[in-house]
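Novice: Just final.cif, nothing more (mmCIF, C-alpha atoms and all ligand atoms):
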```cif
data_protein
loop_
_atom_site.label_atom_id
_atom_site.label_comp_id
_atom_site.auth_asym_id
_atom_site.auth_seq_id
_atom_site.Cartn_x
_atom_site.Cartn_y
_atom_site.Cartn_z
CA MET D 29 115.33 202.18 109.69
CA LYS D 30 118.81 201.18 110.74
CA ALA D 31 119.54 197.53 111.53
CA ALA D 32 122.65 195.54 112.40
CA VAL D 33 122.67 192.44 110.24
CA VAL D 34 124.68 189.22 110.20
CA THR D 35 125.28 188.40 106.54
CA SER D 36 128.12 185.90 107.01
CA PHE D 37 129.41 183.97 110.02
CA SER D 38 132.95 185.00 109.16
CA ALA D 39 132.34 188.74 108.65
CA PRO D 40 131.50 191.63 110.99
CA LEU D 41 127.88 192.73 111.32
CA GLU D 42 126.74 195.26 108.73
CA ILE D 43 124.71 198.36 109.52
CA VAL D 44 122.09 198.60 106.79
CA GLU D 45 119.08 200.72 105.98
CA ARG D 46 115.88 198.64 105.78
CA PRO D 47 112.19 199.45 105.40
CA VAL D 48 110.25 199.47 108.68
CA PRO D 49 108.52 196.06 108.81
CA ASP D 50 104.75 195.78 108.86
CA PRO D 51 103.23 193.76 111.71
CA GLY D 52 101.51 190.59 110.47
CA PRO D 53 98.46 189.00 112.09
CA GLY D 54 99.04 188.61 115.84
CA GLN D 55 102.12 190.82 115.75
CA VAL D 56 103.01 194.27 117.02
CA LEU D 57 105.47 196.76 115.59
CA VAL D 58 107.85 197.93 118.31
CA ARG D 59 109.92 201.12 118.10
CA LEU D 60 112.97 200.12 120.04
CA GLU D 61 114.52 202.28 122.73
CA THR D 62 117.23 199.89 123.90
CA CYS D 63 118.60 196.41 123.30
CA GLY D 64 121.23 194.65 125.36
CA LEU D 65 124.16 192.79 123.83
CA CYS D 66 124.10 189.19 125.03
CA HIS D 67 126.80 186.60 124.49
CA THR D 68 124.23 184.59 122.52
CA ASP D 69 124.16 187.38 119.93
CA ILE D 70 127.91 186.94 119.51
CA HIS D 71 127.45 183.19 119.08
CA ALA D 72 124.68 183.89 116.54
CA ALA D 73 126.93 186.23 114.60
CA GLY D 74 129.72 183.65 114.56
CA GLY D 75 127.50 180.64 113.78
CA ASP D 76 129.17 178.97 116.76
CA TRP D 77 126.44 176.52 117.75
CA PRO D 78 125.23 173.32 116.09
CA VAL D 79 121.92 174.96 115.12
CA LYS D 80 122.84 178.06 113.15
CA PRO D 81 120.59 181.04 112.45
CA PRO D 82 119.35 181.51 108.88
CA LEU D 83 121.18 184.37 107.15
CA PRO D 84 120.76 187.26 106.94
CA ILE D 85 119.62 187.70 110.55
CA VAL D 86 119.20 190.70 112.86
CA PRO D 87 120.38 189.60 116.35
CA GLY D 88 119.10 191.01 119.63
CA HIS D 89 116.77 189.52 122.24
CA GLU D 90 116.90 192.11 125.01
CA GLY D 91 114.84 194.65 123.09
CA ILE D 92 112.76 197.26 124.92
CA GLY D 93 110.49 199.59 123.06
CA ILE D 94 107.10 201.11 122.47
CA VAL D 95 104.30 199.40 120.56
CA GLU D 96 103.58 201.62 117.61
CA LYS D 97 101.27 199.56 115.41
CA LEU D 98 99.06 196.50 115.87
CA GLY D 99 98.70 193.67 113.37
CA ALA D 100 95.36 192.10 112.53
CA GLY D 101 93.59 190.45 115.45
CA VAL D 102 95.76 191.91 118.23
CA THR D 103 93.57 192.73 121.22
CA ASP D 104 95.88 192.19 124.20
CA ARG D 105 98.30 195.07 123.43
CA SER D 106 97.77 198.75 122.77
CA VAL D 107 99.71 201.35 120.88
CA GLY D 108 101.96 203.10 123.42
CA ASP D 109 102.59 200.01 125.59
CA ARG D 110 106.22 199.55 126.58
CA VAL D 111 107.29 195.95 126.08
CA ALA D 112 110.28 193.62 126.09
CA ILE D 113 111.14 191.42 123.12
CA PRO D 114 112.81 188.43 124.78
CA TRP D 115 114.57 185.31 123.48
CA LEU D 116 111.28 183.35 123.42
CA GLY D 117 109.88 185.14 120.40
CA GLU D 118 106.98 182.75 120.02
CA ALA D 119 105.91 179.25 121.03
CA CYS D 120 103.09 177.00 119.84
CA GLY D 121 100.95 177.56 122.93
CA GLU D 122 99.46 174.07 122.61
CA CYS D 123 102.08 171.43 123.36
CA ARG D 124 102.54 169.83 126.79
CA TYR D 125 105.41 172.20 127.62
CA CYS D 126 103.51 175.32 126.63
CA ILE D 127 100.50 174.18 128.61
CA ASP D 128 102.28 173.08 131.78
CA GLY D 129 104.33 176.25 132.24
CA ARG D 130 107.55 175.20 130.51
CA GLU D 131 107.09 177.14 127.30
CA THR D 132 110.84 177.60 126.84
CA LEU D 133 111.00 173.85 126.08
CA CYS D 134 108.46 174.11 123.25
CA GLU D 135 109.79 172.32 120.18
CA LYS D 136 108.07 174.77 117.85
CA GLN D 137 109.47 177.94 119.40
CA GLU D 138 110.97 180.86 117.51
CA ASN D 139 113.85 182.76 119.06
CA SER D 140 114.24 186.51 118.67
CA GLY D 141 117.50 187.44 117.00
CA TYR D 142 118.28 183.82 116.18
CA SER D 143 115.52 182.07 114.21
CA ILE D 144 113.65 185.32 113.51
CA ASP D 145 114.90 188.91 113.28
CA GLY D 146 115.54 190.52 116.65
CA ALA D 147 116.03 193.93 118.17
CA PHE D 148 119.38 195.19 116.86
CA ALA D 149 117.30 197.62 114.82
CA GLU D 150 115.26 200.76 115.26
CA TYR D 151 112.06 198.76 114.75
CA ALA D 152 111.07 195.12 115.09
CA VAL D 153 107.91 193.11 114.71
CA ALA D 154 107.15 190.63 117.47
CA SER D 155 104.38 188.31 118.59
CA ALA D 156 101.87 190.32 120.64
CA LYS D 157 101.38 187.35 122.99
CA TYR D 158 105.07 186.81 123.67
CA VAL D 159 106.26 190.35 124.29
CA VAL D 160 106.26 191.14 128.01
CA ALA D 161 104.98 194.38 129.54
CA VAL D 162 107.63 196.54 131.19
CA PRO D 163 106.22 198.16 134.34
CA ASP D 164 106.55 201.88 134.99
CA GLY D 165 109.45 202.69 137.25
CA ILE D 166 111.97 200.61 135.32
CA SER D 167 114.14 202.48 132.84
CA SER D 168 114.47 201.01 129.37
CA LEU D 169 118.20 200.91 130.04
CA ASP D 170 117.70 198.61 133.03
CA ALA D 171 114.89 196.62 131.43
CA ALA D 172 117.07 195.45 128.53
CA PRO D 173 119.60 193.36 130.52
CA LEU D 174 116.81 192.10 132.77
CA SER D 175 115.08 190.59 129.72
CA CYS D 176 117.74 187.94 129.17
CA ALA D 177 120.63 188.28 131.64
CA GLY D 178 118.23 188.79 134.53
CA LEU D 179 115.62 186.32 133.33
CA THR D 180 118.14 183.57 132.64
CA THR D 181 119.83 183.77 136.02
CA TYR D 182 116.61 184.23 137.97
CA LYS D 183 115.27 181.09 136.32
CA ALA D 184 118.49 179.14 136.93
CA LEU D 185 118.23 179.87 140.66
CA LYS D 186 114.54 178.96 140.66
CA VAL D 187 115.33 175.67 138.92
CA ALA D 188 117.98 174.99 141.59
CA LYS D 189 115.37 175.51 144.32
CA VAL D 190 117.78 177.53 146.45
CA GLN D 191 116.88 177.33 150.14
CA PRO D 192 117.72 180.01 152.72
CA THR D 193 121.28 179.64 154.11
CA GLU D 194 122.39 177.36 151.28
CA HIS D 195 125.77 178.15 149.74
CA VAL D 196 125.37 179.26 146.13
CA GLY D 197 128.35 179.57 143.82
CA ILE D 198 128.09 181.90 140.85
CA PHE D 199 130.79 181.07 138.29
CA GLY D 200 131.35 184.04 135.99
CA ILE D 201 130.47 187.56 137.11
CA GLY D 202 129.45 189.68 134.15
CA GLY D 203 126.20 190.58 132.46
CA LEU D 204 124.51 187.50 133.86
CA GLY D 205 126.57 186.92 136.97
CA HIS D 206 126.07 190.33 138.56
CA LEU D 207 122.32 189.69 138.50
CA ALA D 208 122.67 186.06 139.58
CA VAL D 209 124.46 187.20 142.74
CA GLN D 210 121.49 189.39 143.61
CA TYR D 211 118.82 186.75 142.92
CA ALA D 212 120.72 184.18 144.97
CA ARG D 213 120.73 186.66 147.85
CA ILE D 214 117.03 187.44 147.44
CA MET D 215 116.32 183.70 147.72
CA GLY D 216 118.28 183.58 150.95
CA GLY D 217 121.49 182.00 149.69
CA THR D 218 125.00 182.70 150.92
CA VAL D 219 126.86 183.67 147.77
CA VAL D 220 130.32 182.63 146.63
CA ALA D 221 131.30 184.56 143.49
CA VAL D 222 133.98 183.09 141.24
CA ASP D 223 135.75 184.92 138.42
CA ILE D 224 139.24 185.57 137.06
CA GLU D 225 138.98 189.38 137.00
CA GLN D 226 139.38 191.33 140.23
CA PRO D 227 137.07 194.23 139.21
CA LYS D 228 134.25 191.71 138.64
CA LEU D 229 134.84 190.16 142.06
CA ASP D 230 134.76 193.64 143.59
CA LEU D 231 131.43 194.22 141.86
CA ALA D 232 130.08 190.91 143.21
CA LYS D 233 131.07 191.96 146.73
CA GLU D 234 129.38 195.30 146.29
CA LEU D 235 126.21 193.49 145.17
CA GLY D 236 126.16 191.27 148.23
CA ALA D 237 128.38 188.23 147.63
CA GLU D 238 129.64 186.99 151.01
CA HIS D 239 132.73 185.33 149.53
CA VAL D 240 134.74 185.87 146.37
CA VAL D 241 137.21 183.48 144.78
CA ASP D 242 139.75 184.66 142.23
CA ALA D 243 140.21 181.59 140.05
CA ALA D 244 143.19 183.25 138.35
CA THR D 245 145.24 183.16 141.53
CA VAL D 246 143.91 180.25 143.59
CA ASN D 247 142.54 176.78 142.89
CA PRO D 248 138.82 177.56 143.01
CA VAL D 249 137.82 174.03 144.03
CA GLU D 250 140.15 174.02 147.04
CA ALA D 251 139.14 177.56 148.00
CA ILE D 252 135.43 176.72 147.85
CA GLN D 253 135.79 173.39 149.63
CA ALA D 254 137.65 175.27 152.38
CA LEU D 255 134.48 177.35 152.77
CA GLY D 256 132.46 174.14 153.17
CA GLY D 257 131.49 173.54 149.53
CA LEU D 258 128.42 174.57 147.58
CA ASP D 259 124.80 173.45 147.64
CA VAL D 260 124.20 175.07 144.29
CA ALA D 261 126.68 175.97 141.55
CA VAL D 262 125.44 178.11 138.67
CA VAL D 263 127.84 178.13 135.74
CA LEU D 264 127.72 181.23 133.57
CA ALA D 265 131.22 180.92 132.09
CA ALA D 266 131.24 179.20 128.70
CA SER D 267 133.98 176.73 129.49
CA PRO D 268 133.76 172.97 130.08
CA ARG D 269 136.64 173.31 132.57
CA VAL D 270 134.66 175.75 134.70
CA LEU D 271 131.72 173.33 134.68
CA GLU D 272 134.01 170.60 135.96
CA GLN D 273 135.41 172.90 138.65
CA ALA D 274 131.90 173.85 139.69
CA PHE D 275 130.94 170.17 139.94
CA ALA D 276 133.98 169.47 142.10
CA SER D 277 133.03 172.39 144.37
CA LEU D 278 129.67 170.85 145.34
CA ARG D 279 128.95 169.31 148.70
CA ARG D 280 126.69 166.29 149.14
CA GLY D 281 123.21 166.81 147.75
CA GLY D 282 124.51 169.63 145.57
CA ARG D 283 122.99 170.86 142.31
CA LEU D 284 125.02 171.88 139.30
CA VAL D 285 123.07 174.29 137.08
CA CYS D 286 124.38 174.56 133.52
CA VAL D 287 123.51 177.83 131.81
CA ALA D 288 126.43 178.93 129.61
CA LEU D 289 126.84 177.16 126.29
CA PRO D 290 130.47 176.58 125.32
CA ALA D 291 131.01 176.28 121.55
CA GLU D 292 132.58 172.85 122.07
CA GLY D 293 130.12 171.56 124.58
CA THR D 294 131.22 168.42 126.39
CA MET D 295 132.13 168.11 130.03
CA SER D 296 133.46 165.13 131.91
CA ILE D 297 131.60 164.19 135.10
CA PRO D 298 132.72 161.48 137.54
CA ILE D 299 129.88 158.97 137.91
CA PHE D 300 131.10 157.73 141.28
CA ASP D 301 130.95 161.18 142.91
CA THR D 302 127.60 161.95 141.28
CA VAL D 303 126.03 158.81 142.76
CA ILE D 304 127.70 158.74 146.17
CA LYS D 305 127.14 162.45 146.80
CA GLY D 306 123.62 162.49 145.35
CA ILE D 307 124.46 165.28 142.92
CA SER D 308 121.89 166.68 140.48
CA ILE D 309 122.92 168.15 137.15
CA LEU D 310 120.36 170.57 135.73
CA GLY D 311 120.09 172.50 132.50
CA SER D 312 118.27 175.83 132.58
CA ILE D 313 117.27 177.72 129.45
CA VAL D 314 116.20 181.39 129.76
CA GLY D 315 112.75 181.72 131.37
CA THR D 316 109.07 182.09 130.65
CA ARG D 317 106.98 185.22 130.26
CA GLN D 318 105.87 184.79 133.87
CA ASP D 319 109.50 184.53 135.05
CA LEU D 320 110.26 187.79 133.24
CA ALA D 321 107.26 189.48 134.85
CA GLU D 322 108.71 188.42 138.23
CA VAL D 323 112.15 189.73 137.30
CA PHE D 324 110.61 193.08 136.39
CA ALA D 325 108.55 193.12 139.60
CA LEU D 326 111.66 192.58 141.72
CA HIS D 327 113.42 195.42 139.96
CA ALA D 328 110.44 197.75 140.20
CA ALA D 329 110.39 197.02 143.93
CA GLY D 330 113.99 198.23 144.16
CA LYS D 331 115.43 194.81 144.98
CA THR D 332 117.94 194.53 142.13
CA ARG D 333 120.53 196.75 140.51
CA VAL D 334 121.53 196.60 136.85
CA ILE D 335 125.07 197.50 135.91
CA ALA D 336 125.16 198.51 132.25
CA GLU D 337 126.83 200.93 129.87
CA THR D 338 125.31 202.29 126.68
CA ARG D 339 126.69 202.04 123.17
CA GLN D 340 125.46 203.05 119.72
CA LEU D 341 124.25 200.41 117.30
CA GLU D 342 126.73 201.69 114.67
CA ASP D 343 129.48 200.48 117.01
CA VAL D 344 128.10 196.94 117.29
CA ASN D 345 131.32 195.26 116.15
CA GLU D 346 133.44 197.28 118.56
CA ALA D 347 130.97 196.45 121.34
CA ILE D 348 131.30 192.74 120.57
CA ALA D 349 135.09 193.07 120.73
CA GLU D 350 134.76 194.80 124.10
CA VAL D 351 132.61 191.99 125.48
CA LEU D 352 134.98 189.33 124.17
CA SER D 353 137.97 191.09 125.73
CA GLY D 354 136.34 190.72 129.16
CA SER D 355 136.88 194.41 129.88
CA ILE D 356 133.19 195.19 130.35
CA PRO D 357 132.07 195.17 134.00
CA ALA D 358 128.58 193.90 133.22
CA ARG D 359 126.26 194.57 130.30
CA LEU D 360 126.40 196.73 127.17
CA VAL D 361 123.11 198.15 125.94
CA PHE D 362 122.46 199.78 122.58
CA GLU D 363 120.46 202.93 122.95
CA TYR D 364 118.48 204.05 119.92
CA ALA D 365 118.08 207.68 119.10
CA ARG D 366 114.51 208.85 119.25
CA VAL D 367 113.11 208.33 115.77
CA PRO D 368 109.85 209.94 114.67
CA ALA D 369 106.70 207.95 115.33
CA ILE D 370 104.95 206.29 112.43
CA VAL D 371 101.41 207.49 111.92
CA GLY D 372 98.62 204.98 111.25
ZN ZN D 401 120.67 186.38 125.99
ZN ZN D 402 104.65 174.53 122.51
#
```
Mind converting the file's structure to structure tokens?
Ligand code: ZN
Ligand code: ZN

Specialist:
Amino acid sequence: MKAAVVTSFSAPLEIVERPVPDPGPGQVLVRLETCGLCHTDIHAAGGDWPVKPPLPIVPGHEGIGIVEKLGAGVTDRSVGDRVAIPWLGEACGECRYCIDGRETLCEKQENSGYSIDGAFAEYAVASAKYVVAVPDGISSLDAAPLSCAGLTTYKALKVAKVQPTEHVGIFGIGGLGHLAVQYARIMGGTVVAVDIEQPKLDLAKELGAEHVVDAATVNPVEAIQALGGLDVAVVLAASPRVLEQAFASLRRGGRLVCVALPAEGTMSIPIFDTVIKGISILGSIVGTRQDLAEVFALHAAGKTRVIAETRQLEDVNEAIAEVLSGSIPARLVFEYARVPAIVG
């Protein structure tokens, strides 16, 4: 099978031929149909974050494919099921976080495409319990970005407890942001979309944002305060400066939700304003299996739209360059050619 592999943090990914892996106990073998390219994959390939992936590593945590083989002891999946391989590759299932519905905080978790091989390959093995069923009526092309971009933003808005009529700022309209705009609307928010690229602001408008702010041409804090300020600011742009702007755009009682992870990750927050205005600062990390099931249900019900373009895995390095250039309207998704099924 073909796989895109990170062999060095300072070199491009390599396309290599590898044997199809065998599912171990509790695992399934998934023949992948699609996998989205997430910014986290780019950070993994560059070794940008304090915790680096072990090399070599196959990135990819928006994998959608068909279960083709079951490992020993797997009873909750069947051959032929279509599933998502998300960022939460596996968790312990026993700690307080796993038990109380916060499994993405598990300290013993494995992350697809980061701590264990992911879905930038024609096949992947994954934990049968942590793959998530993809309902009929959702294309594998749409399901891929929903598995991280959709899940992450849906969860961020849930964490913020958006109330109807609240003003919700989405900072950064791209793979994540275009979905965040839609979830904020579904939850009843009035959406202010902030970006520095006009085509992305146009897309946000098309997807329901009531206001758009072009931070390349106006001071976003002044523009947003002129609209009355934000109750919730979700920051999807990996820049400490944007986090600070988002903070300054909040009204009293506002919630700043940090999602993007800048490589140099420190922001400066005024204590006085935080206290006097009763501001909450929240971190939100992807979402649980249940959150992803909800994301899929919303899409199957026709309530969200995914904007994505397909690429071939062989062009992974070019695709990364496209994402980094900011020229991509939303998400890139690798589409795998139909490879023959494995028998047995
Ligand atoms: Zn991701
Ligand atoms: Zn756990």

Novice: Identify, counting all atoms listed in the file, the protein, DNA and RNA residues located within 8 Å of ligand ZN 401 (chain D), and give them as number ranges by chain.

Specialist: D: 65-69, 89-90, 115, 175-177, 180, 314

Novice: Please give me, as a ChimeraX atom specification, the residues lying within 7 Å of ligand ZN 402 (chain D) when counting only C-alpha atoms and all ligand atoms.

Specialist: /D:119-126,131,134-137

Novice: Just checking: using all atoms listed in the file, which residue out of D:Met29, D:Ile252, D:Ile335, D:Val262 ends up closest to Leu231 (chain D)?

Specialist: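 Among the listed residues, the smallest separation from Leu231 (chain D) belongs to D:Ile335.
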
Novice: Point out the residue among D:Ala149, D:Leu60, D:Ala349, D:Ile166 with the least atom-to-atom distance to Glu45 (chain D), counting all atoms listed in the file.

Specialist: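 Nearest to Glu45 (chain D): D:Ala149.
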
Novice: Kindly extract all protein, DNA and RNA residues lying within 12 Å of the coordinates (133.0, 175.5, 134.4) given in the file, considering all atoms listed in the file, and supply them as JSON, numbers by chain.

Specialist: {"D": [197, 198, 199, 200, 222, 223, 243, 248, 249, 261, 262, 263, 264, 265, 266, 267, 268, 269, 270, 271, 272, 273, 274, 275, 276, 277, 284, 285, 286, 287, 288, 289, 290, 293, 294, 295, 296, 297]}

Novice: In Å, with one decimal, what is the gap from CA of Gly93 (chain D) to CA of Ala232 (chain D)?

Specialist: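 Between CA of Gly93 (chain D) and CA of Ala232 (chain D) the gap works out to 29.4 Å.
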
Novice: Just the number, please: distance in Å from CA of Gly256 (chain D) to CA of Thr181 (chain D), one decimal.

Specialist: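 Taking CA of Gly256 (chain D) and CA of Thr181 (chain D), their separation equals 23.4 Å.
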
Novice: Please determine, counting all atoms listed in the file, which residue among D:Ile313, D:Val241, D:Leu98, D:Ile214 has the shortest atom-to-atom distance to Gly330 (chain D).

Specialist: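 Once distances to Gly330 (chain D) are computed over all atoms listed in the file, the minimum belongs to D:Ile214.
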
Novice: Skip Ile113 (chain D) itself and residues of its chain fewer than 6 positions away, then list as a VMD selection string all residues within 10 Å of it, counting all atoms listed in the file.

Specialist: chain D and resid 58 60 63 88 to 93 139 to 141 146 to 147 152 to 156 158 to 161 172 175 to 176

Novice: Would you kindly return, as an MDAnalysis selection string, each protein, DNA or RNA residue with an atom no farther than 12 Å from any atom of Ile299 (chain D), considering only C-alpha atoms and excluding same-chain residues fewer than 4 positions away?

Specialist: chainID D and resid 275 303:309

Novice: Excluding region 37-43 of chain D and any residue of its chain fewer than 3 positions from it, enumerate the residues within 6 Å of it, using only C-alpha atoms, and give them as a list of chain:residue names.

Specialist: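 So, after excluding close chain neighbours, the residues are D:Ala31, D:Ala32, D:Val33, D:Val34, D:Ala73, D:Gly74, D:Gly75.
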
Novice: Pick out the closest residue to Gln210 (chain D) from this set: D:Thr332, D:Glu225, D:Lys186, D:Ser36. Count all atoms listed in the file.

Specialist: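 Once distances to Gln210 (chain D) are computed over all atoms listed in the file, the minimum belongs to D:Thr332.
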
Novice: I need the residue nearest Tyr364 (chain D) from this list: D:Arg59, D:His195, D:Arg46, D:Lys97. Use all atoms listed in the file for the distance.

Specialist: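 Of D:Arg59, D:His195, D:Arg46, D:Lys97, the one nearest Tyr364 (chain D) is D:Arg59, counting all atoms listed in the file.
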
Novice: How far is it from CA of Glu342 (chain D) to CA of Thr35 (chain D), in Å with one decimal?

Specialist: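 These two atoms are separated by 15.6 Å.
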
Novice: Mind checking which residues fall within 10 Å of Asp164 (chain D), counting only C-alpha atoms, ignoring those fewer than 4 positions away in the same chain, and posting them as a ChimeraX atom specification?

Specialist: /D:110,168,324,328

Novice: Closest to Val44 (chain D) among D:Gly101, D:Val240, D:Ala72, D:Phe148, using only C-alpha atoms?

Specialist: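 Looking only at the distances to Val44 (chain D), the closest residue turns out to be D:Phe148.
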
Novice: Just want the 10 Å neighbourhood of Pro357 (chain D), counted on all atoms listed in the file, with same-chain residues fewer than 6 positions away dropped. Output as an MDAnalysis selection string.

Specialist: chainID D and resid 201:203 206 225 227:229 231 335:337 351
